Structure formats: C-alpha cells, structure tokens
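**Q** Please see the structure below; I have some questions.
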Amino acid sequence: MLHRTIERRLLRIAIVDESPARAAVIAEGLRDAGLSDITIFADRHGIAARLEALSPDVILVDLANPRRDELEEMFALSRAVARPVAMFVDQSDIAGIEAAVDAGVSAYVVDGLRKDRIRPVLELAIRRFNAYARLRAELDEARNALAEHRTIDRAKALLMKKRGCDEPAAYAALRKAAMDSGRRIADVADALVTADRVMGDL
Amino acid sequence: MTRLRFGFLPLVDAALPILARELGFAEAEGLDLVLVRDLSWATVNDRLLYGHSDAAHLLAPLAIATTLGLGRPATPISVPFVLGLNGNAITLRPDLAAQVTTPGTLGDVRAIGLRLAAIVRATPRKICLGVVHRYSSHDYMLRYWLAASGLDPNADVDIVTVAPPFAADALASGEVDGICVGEPWNSVAVDRGVGVIVAVTSQIWRRGVEKVLAMRTERMAGDPAATDALLRALYRAGVAFIDPLRLEDIAAILARPEYLDGSAALIRGAVSDRLLFAQHAAPVHVPDFMFQHREAANFPWVSQAAWLYSQMCIAGHVEANDADYNRAQAVFRPDIYRRALRPLGIALPGASSKLEGGIAGPTGVGTPHGRLILGADSFFDGRCFDPDDLAAYLRNK
C-alpha cells in the first residue's frame, strides 16, 4: 500500500547539507530533471521532527558531514512507517557505489523503493556533487589567478621604482628572469615581493 | 613501497597508526601509510567497505555490526590487531556531577552509579546520555554500568548519539545531561567548564577493548605481506607510545592540524593517564586509563569479540543465535596477529580466548616462548564472562 503510493507520486527528496551553496546546486540539478519536491535542511536543530513530518523518500547527505552518525541513528529510530536505509543498497552496482563515494555523497532511501526510481536521483546527485566540486576548484583557481595578477603588479611597481624604468620594461625584466630560471612569471614576482618584504630598505 | 590508505577519526586512540607513519615504523616496513581523516564513523566505515581505504581505526563493535549486516549490507571485516583498551570517560553536567561525586576526584564507580540511579528514578523527565555511536564500546560500557547500578538502559534513560567534536556543545546547551566519549573530548568539556568527569571506562572494565585495526577480510587475505608489515609497524608504534621520554613529541605530533587539530596539553594528559576531572582541579593520575600496548593489549582476544556480541544481545541490537555468535567471534583474528609478530621474537599468547574478567591480579599466561604477565581485567561488579557459555551469561544478566 505504502509502496504503491510512492510509485505513483513524485519522489520526495531531502537534502541535509551544512553548505547552503552546495545544497542549492544539487537542488537545482534535481529540479531541472523534473524532481521538484525538494526540501533543504541546512540547520540541524529540530531536524528529527521536521524530517519525520516531511517523510522523504530519499535523503541526501554529504559524506563529510560530521553529523552523519547522529543522522543515521535518527533514521534508525525514526517512527515514520518507512525507515530510510543507507544508500549502498544495490550491492551489485559497484560502479555506482564507487562514483558516489568519490563524489562525496551518501543517500538514504526508504526501504522497498524500486531501484529504477532511485538510480536516476543518485546519478543526478553524484553529477551535481561533482559539478559543485568543480565549481569550487574553478573559483579557487580564479582567486589564485587574481592574487597572482596582484603580485605581478606589485613586482612591476618595485622594479619601476628601483630601476627607474617604465611598466613594459619592468614586465620584460620579469619575463626574462622567468625564462632564464625556468620558472613561472608569477613565481618570480612572488619571490621578488617576498625578498623586498624581508630585506626592507637594506 | 606499498601504499596503504588508513582511515581514522581525530581521537587520541588513533595514536598508533599516526605514530607508525610519523616515527617511520611504516616506512621501515616498506609501507607508504597514507592517513585519511574523517569526521564520522559512518564515513570511515563506508570508505573501508567500498575500497577508498585499505584499513581503518574503528570502533570494535562497529566491525562486528558491519560483519553481521547491521546498518550496512553484511561485509566480512577482520580485526587482526587491537589499537587500544579503554581511554573513555563519562562526563556529566557539573550540577548533576556534584550530586553523585566529589568533583575533581576519582570516586568509587559503584557508589557513583547507585547515586546516579537514584537521581534518574527521582527525576520526572528522562535523563539523556550521549554516546558516540550505537555500536560503540562507549554505548555498551555505559549500559553495563547503568544496568549493574539497577537501571534499565532502554527504559529508564535516553541514550542518544553525539559525535565526539560536538559532545561539549551538547552538554553546554543542555541537549544531553552526560556523555561517554573518548579523549580529548571529555577534557575539552571540563576545560570549558560545561562538564565534570565522574568515571572512566577502565573503572567499569579494567581491560575493555576499544578501537581496533579493521580491514575487509577479502582485502586482508589478498595481501598478507602488507598486512603483516602494517601489524609490525603498529606494534612498534605501541612501544614508542608508552615511552615516557617521548611523551612531549607524541602529544605534539597528535595535536597537529592534519591529525587531531587540538590542544597538545590536553592530549598529553590523556596519553600519560593524567586527567582533570573538573575545571580548576588538580590533575588526577588514573592508572591504566588508556592501555595501548603493555600486557599484549594489542592481541585480539576472541573472547573480547564474544563479550561485545553478548552486550549487543542485551542492548537489543541483535537477537542471540549461534551462527551470528560464531561470525562475531571470527571477526577477531589472533592467528594473523601471531603470524605477523612472530618474527619480532616477542611473547605471544598461546590461547585465543580467555575468561573475561577472570584475572584478579598479575597472572602468567602460557606462551610458546617468553614470559607474559597479564594484570587484573575485572569488571566493577565482579562478574565474569565465559565465551563458551553465552546462554548462561544472558540468562543471568
């Protein structure tokens, strides 16, 4: 009876994540695929009662969430009719399990839910977790690029002051030093700025 | 070099794998030991089950639960080495602690249990106690103490799960009235003034099995050379751990950001069995608080696994049956321990099982060669556990 109800209606998904940004990225991906019944839990206070009231079919939890043991205990004690069980239900799907662990996502699924209905949700979740990780990496890269740019500017200013040259000449000097030493321009600039900071007015 | 990934949680009793790497014992055995830090047992266990790690620092009962298929699909796990005995404490809210003990001192665990039981009965609301995991020695030791003090742990109190890093917060916010957790988290609560240690688990069971080296049985069987090398490296780390001259170094290594990321002073206290029981009190020396090496503490006695299974039955986590009892006992692998450590020429226990709680004072035990003396391993209530008669033990609980 319960199972029949689940099979007919849209899957109800809960995302438990202390990072609202990642939760939003995952929710967006699921919504795009037509899975619109999504609730995000960023704050753990009162989560037991709220989850029980919601009675989700699938709960997605970040593997690095320090509260996973507490959440699992809560699921085990859940008074809801259908107790969610740890994802890795389909032991035959080793590749799927590995992809999930790699991506850093764990899922808890109500017992008895058909595998062909869970699989697309998990696959999407894995893809969105990976997308979020990529986004973070790109953001870090962009931040680094910006920082490097600033360092190069600072090194150029130093050279212009010390050598009394103009900006293109200062940049050319940096580039030559980089080529001669086989290092990146940003690294040469960083060394110059650091040396200046250490040596001061010597 | 063989690369081995080793999962752990930031706790003082993750010391042996950390020292095996940092003091070079793993490298000397040809192992590149890569330590993988996680923040929940669920994740340490999942990485182990799905091949993200080769070995793990794990709660002994969780290795048995996973083998039996509780919470995860049943996967055979092996324990060829015990990473330590005890090292946990029971910390209560300061006002509650003051009613059961003299804060700051090491009291009589039996009297404290009886006083706590009286308070539990007289309090209209249920007292709530936190443990680190359903399948943890913390849970079973706490339950043992409460039951022997006349309480029904399933009915008279609420036992909830609190992750160690949040234990002090849970005490401070009033979410729980007490916690049973490993170090340094009791000391963190004491340091913050939100808890008072009222008992340590070594008072409940002098030689209680705690964290273990866990490997998937298939993984372990597939690479005996690496397994044996790992055991030897961990054994040597144990020798270093108990060397008082290395105390400062060891505390500094464990405190590093990539390991426990905590206070070296608090960690040094736990390693040297000196704990502050209450804020502003003098440190108390608790003999055998953490027991990581001496008296063959690393030997995986099959009877320890058997005792844990008996406690799982009593807690209602499993229903006793012979097949599961045998599977649970088979998790502990003294045969692998002997095979790996024989080349070191140390005294190895000849037996694989013993009467737990049956040793009242230093006793020599049989070994093929060398001398091995075991100290008292008693339970505070004087009971013994005979692994050959589980049914009788469960009948008389």
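As shown in the structure tokens, the chain order sets the letters A, B, ...; within each chain, residues go from 1, and ligands are also counted from 1 in the order they appear.
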Would you list which chain A residues are within 7 Å of chain B using only C-alpha atoms, as JSON, numbers by chain?

**A** {"A": [63, 64, 66, 67, 68, 69, 70, 73, 86, 98]}

**Q** For the contact check between region 4-115 of chain B and region 180-198 of chain B, emit one row per residue of region 4-115 of chain B within 9 Å, containing the shortest atom pair and the distance in Å rounded to one decimal, counting only C-alpha atoms, chain then rising number order, as JSON lines.

**A**
```
{"residue": "B:Leu11", "atom": "CA", "partner": "B:Glu183", "partner_atom": "CA", "distance": 6.2}
{"residue": "B:Val12", "atom": "CA", "partner": "B:Glu183", "partner_atom": "CA", "distance": 5.7}
{"residue": "B:Asp13", "atom": "CA", "partner": "B:Glu183", "partner_atom": "CA", "distance": 7.8}
{"residue": "B:Asn86", "atom": "CA", "partner": "B:Gly182", "partner_atom": "CA", "distance": 8.5}
{"residue": "B:Gly87", "atom": "CA", "partner": "B:Gly182", "partner_atom": "CA", "distance": 6.0}
{"residue": "B:Asn88", "atom": "CA", "partner": "B:Gly182", "partner_atom": "CA", "distance": 4.2}
{"residue": "B:Ala89", "atom": "CA", "partner": "B:Cys180", "partner_atom": "CA", "distance": 5.6}
{"residue": "B:Ile90", "atom": "CA", "partner": "B:Cys180", "partner_atom": "CA", "distance": 4.4}
{"residue": "B:Thr91", "atom": "CA", "partner": "B:Ile197", "partner_atom": "CA", "distance": 4.1}
{"residue": "B:Leu92", "atom": "CA", "partner": "B:Gly195", "partner_atom": "CA", "distance": 5.4}
{"residue": "B:Arg93", "atom": "CA", "partner": "B:Gly195", "partner_atom": "CA", "distance": 4.7}
{"residue": "B:Pro94", "atom": "CA", "partner": "B:Gly195", "partner_atom": "CA", "distance": 5.1}
{"residue": "B:Asp95", "atom": "CA", "partner": "B:Gly195", "partner_atom": "CA", "distance": 8.8}
{"residue": "B:Leu96", "atom": "CA", "partner": "B:Val196", "partner_atom": "CA", "distance": 8.9}
{"residue": "B:Ala97", "atom": "CA", "partner": "B:Val196", "partner_atom": "CA", "distance": 6.2}
{"residue": "B:Ala98", "atom": "CA", "partner": "B:Val196", "partner_atom": "CA", "distance": 8.4}
{"residue": "B:Val100", "atom": "CA", "partner": "B:Val198", "partner_atom": "CA", "distance": 7.8}
{"residue": "B:Thr101", "atom": "CA", "partner": "B:Val198", "partner_atom": "CA", "distance": 6.5}
{"residue": "B:Thr102", "atom": "CA", "partner": "B:Val198", "partner_atom": "CA", "distance": 8.5}
{"residue": "B:Pro103", "atom": "CA", "partner": "B:Val196", "partner_atom": "CA", "distance": 6.5}
{"residue": "B:Gly104", "atom": "CA", "partner": "B:Val196", "partner_atom": "CA", "distance": 7.4}
{"residue": "B:Thr105", "atom": "CA", "partner": "B:Val198", "partner_atom": "CA", "distance": 8.0}
{"residue": "B:Leu106", "atom": "CA", "partner": "B:Val198", "partner_atom": "CA", "distance": 7.2}
{"residue": "B:Gly107", "atom": "CA", "partner": "B:Val198", "partner_atom": "CA", "distance": 7.2}
{"residue": "B:Val109", "atom": "CA", "partner": "B:Val198", "partner_atom": "CA", "distance": 8.1}
{"residue": "B:Ile112", "atom": "CA", "partner": "B:Val198", "partner_atom": "CA", "distance": 7.7}
```

**Q** Can you tell me which residues surround Tyr132 (chain A) at a distance of at most 9 Å, considering only C-alpha atoms, apart from same-chain residues fewer than 3 positions away, and format the answer as a list in words?

**A** Ala21, Arg22, Val25, Ile26, Arg127, Arg128, Phe129, Leu135, Arg136 and Ala137 of chain A

**Q** Residues of the last selection are to be written out with N, CA and C atoms, as a PDB file, in the first residue's frame.

**A**
```
ATOM      1  N   ALA A  21      25.217  26.672  -0.253  1.00  0.00           N
ATOM      2  CA  ALA A  21      25.586  26.842  -1.654  1.00  0.00           C
ATOM      3  C   ALA A  21      25.549  25.496  -2.382  1.00  0.00           C
ATOM      4  N   ARG A  22      26.160  24.472  -1.753  1.00  0.00           N
ATOM      5  CA  ARG A  22      26.166  23.158  -2.403  1.00  0.00           C
ATOM      6  C   ARG A  22      24.743  22.606  -2.490  1.00  0.00           C
ATOM      7  N   VAL A  25      23.020  24.028  -5.421  1.00  0.00           N
ATOM      8  CA  VAL A  25      23.493  23.474  -6.693  1.00  0.00           C
ATOM      9  C   VAL A  25      22.856  22.104  -6.950  1.00  0.00           C
ATOM     10  N   ILE A  26      22.783  21.294  -5.898  1.00  0.00           N
ATOM     11  CA  ILE A  26      22.205  19.951  -6.053  1.00  0.00           C
ATOM     12  C   ILE A  26      20.703  20.049  -6.333  1.00  0.00           C
ATOM     13  N   ARG A 127      26.352  13.667 -10.048  1.00  0.00           N
ATOM     14  CA  ARG A 127      26.784  14.643 -11.048  1.00  0.00           C
ATOM     15  C   ARG A 127      26.819  16.048 -10.449  1.00  0.00           C
ATOM     16  N   ARG A 128      25.801  16.381  -9.653  1.00  0.00           N
ATOM     17  CA  ARG A 128      25.747  17.737  -9.090  1.00  0.00           C
ATOM     18  C   ARG A 128      26.806  17.922  -8.007  1.00  0.00           C
ATOM     19  N   PHE A 129      27.069  16.870  -7.218  1.00  0.00           N
ATOM     20  CA  PHE A 129      28.149  16.968  -6.219  1.00  0.00           C
ATOM     21  C   PHE A 129      29.473  17.233  -6.938  1.00  0.00           C
ATOM     22  N   LEU A 135      33.123  23.544  -9.538  1.00  0.00           N
ATOM     23  CA  LEU A 135      32.855  24.976  -9.382  1.00  0.00           C
ATOM     24  C   LEU A 135      33.764  25.571  -8.306  1.00  0.00           C
ATOM     25  N   ARG A 136      33.877  24.836  -7.198  1.00  0.00           N
ATOM     26  CA  ARG A 136      34.743  25.295  -6.105  1.00  0.00           C
ATOM     27  C   ARG A 136      36.196  25.406  -6.593  1.00  0.00           C
ATOM     28  N   ALA A 137      36.642  24.382  -7.328  1.00  0.00           N
ATOM     29  CA  ALA A 137      38.026  24.364  -7.809  1.00  0.00           C
ATOM     30  C   ALA A 137      38.265  25.538  -8.745  1.00  0.00           C
TER      31      ALA A 137
END
```

**Q** Which residue gives the smallest distance to Ile18 (chain B) among B:Gly238, B:Gly113, B:Pro76, B:Pro224, with only C-alpha atoms counted?

**A**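 Checking each of B:Gly238, B:Gly113, B:Pro76, B:Pro224 against Ile18 (chain B), counting only C-alpha atoms, the winner is B:Gly238.
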
**Q** Looking only at alpha helix (DSSP H) from DSSP on the backbone, list the matching residues of chain A as a PyMOL selection string.

**A** chain A and resi 2-8+20-32+47-54+68-77+94-103+115-163+167-181+185-199

**Q** List the spatial neighbours of region 161-173 of chain A as a VMD selection string - criterion: any atom at most 12 Å away, only C-alpha atoms, same-chain residues fewer than 4 positions off excluded.

**A** chain A and resid 152 to 157 177 to 180 185 to 186 188 to 189 192 196 201

**Q** Check which residues of region 141-227 of chain B sit at most 9 Å from region 324-341 of chain B using only C-alpha atoms, and return one row each with the closest pair of atoms and their distance in Å to one decimal, ordered by chain and rising number, as a tab-separated table.

**A**
```
residue	atom	partner	partner_atom	distance
B:Thr217	CA	B:Val331	CA	8.6
B:Pro224	CA	B:Ala340	CA	8.7
B:Ala225	CA	B:Ala340	CA	8.6
B:Thr227	CA	B:Ala340	CA	7.8
```

**Q** If DSSP is run on the backbone, what residues of chain A are strand (DSSP E or B)? A reply as number ranges by chain would be ideal.

**A** A: 13-16, 38-41, 58-62, 84-86, 105-110

**Q** Find the residues around Met141 (chain B) up to 9 Å (only C-alpha atoms counted), leave out those fewer than 5 positions away in its own chain, and share them as a PyMOL selection string.

**A** chain B and resi 136+146+180+201+204-205+208+311

**Q** Dump N, CA and C atoms for the selected residues as a PDB file, in the first residue's frame?

**A**
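Saved as again_7.pdb:
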```
ATOM      1  N   SER B 136      29.118   1.107  19.716  1.00  0.00           N
ATOM      2  CA  SER B 136      30.404   1.545  20.251  1.00  0.00           C
ATOM      3  C   SER B 136      30.605   0.927  21.632  1.00  0.00           C
ATOM      4  N   LEU B 146      25.108   1.214  33.967  1.00  0.00           N
ATOM      5  CA  LEU B 146      23.753   1.592  34.377  1.00  0.00           C
ATOM      6  C   LEU B 146      22.973   0.358  34.821  1.00  0.00           C
ATOM      7  N   CYS B 180      29.431   9.815  27.150  1.00  0.00           N
ATOM      8  CA  CYS B 180      30.517   8.855  27.287  1.00  0.00           C
ATOM      9  C   CYS B 180      31.291   8.947  25.978  1.00  0.00           C
ATOM     10  N   THR B 201      36.091   4.605  31.815  1.00  0.00           N
ATOM     11  CA  THR B 201      35.610   3.258  31.484  1.00  0.00           C
ATOM     12  C   THR B 201      36.510   2.164  32.050  1.00  0.00           C
ATOM     13  N   ILE B 204      35.062   0.607  34.922  1.00  0.00           N
ATOM     14  CA  ILE B 204      33.946  -0.308  34.681  1.00  0.00           C
ATOM     15  C   ILE B 204      34.484  -1.681  34.267  1.00  0.00           C
ATOM     16  N   TRP B 205      35.437  -1.666  33.357  1.00  0.00           N
ATOM     17  CA  TRP B 205      36.109  -2.914  32.936  1.00  0.00           C
ATOM     18  C   TRP B 205      37.588  -2.569  32.769  1.00  0.00           C
ATOM     19  N   GLY B 208      38.949  -3.131  28.950  1.00  0.00           N
ATOM     20  CA  GLY B 208      37.886  -3.097  27.943  1.00  0.00           C
ATOM     21  C   GLY B 208      38.421  -2.802  26.551  1.00  0.00           C
ATOM     22  N   GLN B 311      26.873  -8.113  24.722  1.00  0.00           N
ATOM     23  CA  GLN B 311      26.311  -6.809  25.077  1.00  0.00           C
ATOM     24  C   GLN B 311      25.350  -6.307  24.001  1.00  0.00           C
TER      25      GLN B 311
END
```

**Q** Do you have the CA of Ile47 (chain A)-CA of Gly174 (chain B) distance handy?

**A**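 According to the coordinates, CA of Ile47 (chain A) and CA of Gly174 (chain B) are separated by 16.9 Å.
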
**Q** Could you pull the residues within 10 Å of Ala265 (chain B), counting only C-alpha atoms, minus those fewer than 4 positions along the same chain, as JSON, numbers by chain?

**A** {"B": [184, 248, 251, 252, 255, 269, 270]}

**Q** Those residues you just picked out, can you put them in a file as a PDB file, in the first residue's frame with N, CA and C atoms?

**A**
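Final output, saved to part-v6.pdb:
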```
ATOM      1  N   PRO B 184      40.353  13.671  23.163  1.00  0.00           N
ATOM      2  CA  PRO B 184      40.388  14.662  24.253  1.00  0.00           C
ATOM      3  C   PRO B 184      39.048  15.297  24.585  1.00  0.00           C
ATOM      4  N   GLU B 248      56.275  14.183  25.161  1.00  0.00           N
ATOM      5  CA  GLU B 248      56.083  15.527  24.596  1.00  0.00           C
ATOM      6  C   GLU B 248      55.981  15.469  23.070  1.00  0.00           C
ATOM      7  N   ALA B 251      52.622  13.926  21.959  1.00  0.00           N
ATOM      8  CA  ALA B 251      51.493  14.851  22.116  1.00  0.00           C
ATOM      9  C   ALA B 251      51.538  15.925  21.026  1.00  0.00           C
ATOM     10  N   ALA B 252      52.751  16.400  20.694  1.00  0.00           N
ATOM     11  CA  ALA B 252      52.875  17.450  19.667  1.00  0.00           C
ATOM     12  C   ALA B 252      52.479  16.907  18.296  1.00  0.00           C
ATOM     13  N   ALA B 255      48.689  16.455  18.083  1.00  0.00           N
ATOM     14  CA  ALA B 255      47.966  17.730  18.119  1.00  0.00           C
ATOM     15  C   ALA B 255      47.965  18.461  16.775  1.00  0.00           C
ATOM     16  N   GLY B 269      47.855  14.945  28.587  1.00  0.00           N
ATOM     17  CA  GLY B 269      47.183  14.454  29.791  1.00  0.00           C
ATOM     18  C   GLY B 269      46.617  13.062  29.578  1.00  0.00           C
ATOM     19  N   ALA B 270      45.899  12.873  28.470  1.00  0.00           N
ATOM     20  CA  ALA B 270      45.280  11.569  28.202  1.00  0.00           C
ATOM     21  C   ALA B 270      46.342  10.494  28.000  1.00  0.00           C
TER      22      ALA B 270
END
```
